[in-house]
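For reference, the structure discussed in these notes is given below.
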Amino acid sequence: MSDTLTVQATDAGKRLDAYLAEQYPDMTRNMAQNLIADGRVTCAGRALKKNYKLLGQEVLQIDQPAPQAVSLQPEDLPLDIVYEDGDIIVVNKARGMVVHPAAGNWSGTLVHALLYHCGDRLSGINGEIRPGIVHRIDKDTSGLLVVAKNDAAHHALAEQIARHAVRREYEAVLSGVLRADTGVISQPIARHRTDRKKMSVDPAGKPAITHYQVIARYPGYTHAAFSLETGRTHQIRVHTAYIGHPIVGDPVYGPKKDRFAYLNGQCLHAAHLTFDHPRTGQTLRLDAPLPEYFVEVLQKLQRLAQ
């Protein structure tokens, strides 16, 4: 896979390996160094070295090798199953669990646990790395996820998601106090222009719409519910940060100094999921109670308010 990057003036002075690791979300610095050592990063036809200092305005050519096939081994990992039948399985994903394998996470994922539980009874549409996976939630977001056991179910669920017929409802604790009881954040989202591991509000991005409703207010914090019309990467995290109320504990978009920074992960939970069963058409509304870490945060906020 060949890619072209134009270095911004603000990146002048950075080492090449560090720059590449910033630009590609799934690339570690060590991976970038190996890519450079293999002569796969060039500028004007000249192979560069890992310690090359960027001047700004260079046009880099990055030739990444095609990913090798990976044979996944089932793993006997805990699964909180909320609903299951012959077509689908809905799980309450634990905070800290990655949904599917990717660079840096080749084991211990939800997919590994599903392979152990379901065997070969997962849809194959998304290939060997993501069997059954119709949609995702972030590693440190807990909550509900529906998985397809066959291709027909996968197609039906994907179609519902595409026409915004799947209702996904979340709860989060935000930094600061939201003034309005309800509101809509409608701002396009795209990959961050200088930090490829982040997303950002960008006029050139894809439409993203988030609805919110205040559940409770505390000194300096807000407990709120969210529903999504769209499913952009990091959508709630980006939108809440954009309006000045980032999710507490969020190491990427959240406040650097906060009483809940110790969480090392956003206080965000996918609490409710509503969709039509892909075979019967019956509307299913499934719920996942707030996890222990979330409840502990609310208890601390309640003590603050006393």
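Chain labels run A, B, ... following the order of the structure tokens; each chain numbers its residues from 1, and ligands are numbered from 1 in the order shown.
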
Q. Can you list every residue in stretch 14-253 of chain A that DSSP puts in strand (DSSP E), as an NGL selection string?
A. :A and (41-43 or 46-47 or 59-63 or 81-84 or 88-93 or 142-148 or 167-175 or 182-186 or 189-191 or 199-201 or 209-218 or 221-228)

Q: Please measure the separation of atom CA of A:Thr141 and atom CA of A:Leu268, giving the value in Å to one decimal.
A: 5.3 Å

Q: Write out as a list in words which residues come within 8 Å of stretch 202-209 of chain A when counting only C-alpha atoms, dropping same-chain ones fewer than 5 positions away.
A: Val184, Ile185, Ser186, Gln187, Pro188, Ile189, Ala190, Arg191, Leu228, Glu229, Thr230, Gly231, Arg232 and Gln235 of chain A

Mind dumping the selected residues with all heavy atoms as a tab-separated table (two decimals), in the first residue's frame?
chain	number	residue	atom	x	y	z
A	184	VAL	N	-28.31	19.38	20.69
A	184	VAL	CA	-27.81	18.62	19.55
A	184	VAL	C	-26.47	19.21	19.13
A	184	VAL	O	-26.34	20.44	18.98
A	184	VAL	CB	-28.79	18.66	18.36
A	184	VAL	CG1	-28.24	17.85	17.20
A	184	VAL	CG2	-30.16	18.15	18.77
A	185	ILE	N	-25.49	18.35	18.96
A	185	ILE	CA	-24.20	18.77	18.43
A	185	ILE	C	-24.12	18.24	17.00
A	185	ILE	O	-24.08	17.02	16.79
A	185	ILE	CB	-23.02	18.23	19.26
A	185	ILE	CG1	-23.23	18.54	20.74
A	185	ILE	CG2	-21.69	18.82	18.78
A	185	ILE	CD1	-22.29	17.81	21.68
A	186	SER	N	-24.12	19.12	16.03
A	186	SER	CA	-24.06	18.74	14.62
A	186	SER	C	-22.82	19.37	14.00
A	186	SER	O	-22.85	20.52	13.56
A	186	SER	CB	-25.33	19.19	13.88
A	186	SER	OG	-25.28	18.80	12.53
A	187	GLN	N	-21.74	18.63	14.03
A	187	GLN	CA	-20.46	19.11	13.51
A	187	GLN	C	-19.75	17.98	12.77
A	187	GLN	O	-19.66	16.86	13.30
A	187	GLN	CB	-19.56	19.62	14.64
A	187	GLN	CG	-20.07	20.87	15.36
A	187	GLN	CD	-20.02	22.10	14.48
A	187	GLN	OE1	-19.27	22.16	13.50
A	187	GLN	NE2	-20.82	23.10	14.82
A	188	PRO	N	-19.24	18.23	11.57
A	188	PRO	CA	-18.55	17.17	10.81
A	188	PRO	C	-17.26	16.75	11.48
A	188	PRO	O	-16.58	17.56	12.13
A	188	PRO	CB	-18.30	17.83	9.45
A	188	PRO	CG	-18.29	19.30	9.74
A	188	PRO	CD	-19.26	19.51	10.86
A	189	ILE	N	-16.92	15.48	11.31
A	189	ILE	CA	-15.72	14.93	11.94
A	189	ILE	C	-14.82	14.29	10.89
A	189	ILE	O	-15.28	13.62	9.97
A	189	ILE	CB	-16.12	13.88	13.01
A	189	ILE	CG1	-16.79	14.57	14.21
A	189	ILE	CG2	-14.90	13.07	13.48
A	189	ILE	CD1	-17.30	13.61	15.28
A	190	ALA	N	-13.52	14.51	11.05
A	190	ALA	CA	-12.52	13.92	10.14
A	190	ALA	C	-11.28	13.56	10.95
A	190	ALA	O	-11.13	13.96	12.11
A	190	ALA	CB	-12.15	14.91	9.03
A	191	ARG	N	-10.39	12.81	10.32
A	191	ARG	CA	-9.09	12.53	10.94
A	191	ARG	C	-8.38	13.86	11.19
A	191	ARG	O	-8.41	14.76	10.37
A	191	ARG	CB	-8.26	11.65	10.02
A	191	ARG	CG	-6.91	11.24	10.56
A	191	ARG	CD	-7.01	10.23	11.66
A	191	ARG	NE	-7.69	9.00	11.26
A	191	ARG	CZ	-8.01	8.03	12.13
A	191	ARG	NH1	-7.73	8.16	13.42
A	191	ARG	NH2	-8.63	6.94	11.70
A	228	LEU	N	-26.91	8.69	19.16
A	228	LEU	CA	-26.19	8.98	17.93
A	228	LEU	C	-27.07	8.82	16.70
A	228	LEU	O	-27.76	7.81	16.56
A	228	LEU	CB	-24.98	8.06	17.79
A	228	LEU	CG	-23.94	8.07	18.92
A	228	LEU	CD1	-22.82	7.09	18.62
A	228	LEU	CD2	-23.38	9.47	19.10
A	229	GLU	N	-27.03	9.80	15.82
A	229	GLU	CA	-27.63	9.64	14.50
A	229	GLU	C	-26.62	9.07	13.52
A	229	GLU	O	-26.98	8.43	12.54
A	229	GLU	CB	-28.14	10.98	13.98
A	229	GLU	CG	-29.45	11.44	14.58
A	229	GLU	CD	-30.05	12.59	13.83
A	229	GLU	OE1	-29.89	12.66	12.59
A	229	GLU	OE2	-30.70	13.44	14.48
A	230	THR	N	-25.35	9.33	13.79
A	230	THR	CA	-24.25	8.84	12.94
A	230	THR	C	-23.27	8.09	13.83
A	230	THR	O	-23.36	8.17	15.05
A	230	THR	CB	-23.54	10.01	12.25
A	230	THR	OG1	-23.15	10.97	13.25
A	230	THR	CG2	-24.45	10.68	11.23
A	231	GLY	N	-22.35	7.38	13.22
A	231	GLY	CA	-21.42	6.56	14.00
A	231	GLY	C	-19.97	6.82	13.63
A	231	GLY	O	-19.24	5.90	13.27
A	232	ARG	N	-19.54	8.07	13.72
A	232	ARG	CA	-18.16	8.40	13.39
A	232	ARG	C	-17.21	7.95	14.51
A	232	ARG	O	-17.60	7.87	15.68
A	232	ARG	CB	-17.99	9.91	13.16
A	232	ARG	CG	-18.98	10.50	12.17
A	232	ARG	CD	-18.91	9.85	10.83
A	232	ARG	NE	-19.97	10.35	9.96
A	232	ARG	CZ	-20.47	9.68	8.95
A	232	ARG	NH1	-20.03	8.47	8.67
A	232	ARG	NH2	-21.42	10.21	8.20
A	235	GLN	N	-16.95	9.71	18.06
A	235	GLN	CA	-17.90	10.81	17.87
A	235	GLN	C	-18.27	11.55	19.15
A	235	GLN	O	-18.16	12.79	19.21
A	235	GLN	CB	-19.17	10.30	17.18
A	235	GLN	CG	-20.20	11.40	16.94
A	235	GLN	CD	-21.35	10.94	16.07
A	235	GLN	OE1	-21.15	10.25	15.09
A	235	GLN	NE2	-22.57	11.33	16.42

Q: Do a neighbour search on A:Asp287 at 8 Å with only C-alpha atoms, toss out local chain neighbours closer than 3 positions, and write the hits as a PyMOL selection string.
A: chain A and resi 82+144+271-273

Output file for the residues above (C-alpha atoms, as a PDB file, in the first residue's frame):
ATOM      1  CA  VAL A  82     -26.945  -9.951  27.153  1.00  0.00           C
ATOM      2  CA  LEU A 144     -23.403  -3.055  24.239  1.00  0.00           C
ATOM      3  CA  ALA A 271     -26.054   1.568  27.971  1.00  0.00           C
ATOM      4  CA  HIS A 272     -28.896   0.892  25.518  1.00  0.00           C
ATOM      5  CA  LEU A 273     -29.154  -0.642  22.062  1.00  0.00           C
TER       6      LEU A 273
END

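Restricting the calculation to only C-alpha atoms, the smallest distance between A:Val7 and any of A:Gln160, A:Asn264, A:Asn34, A:Thr194 is found for A:Thr194.
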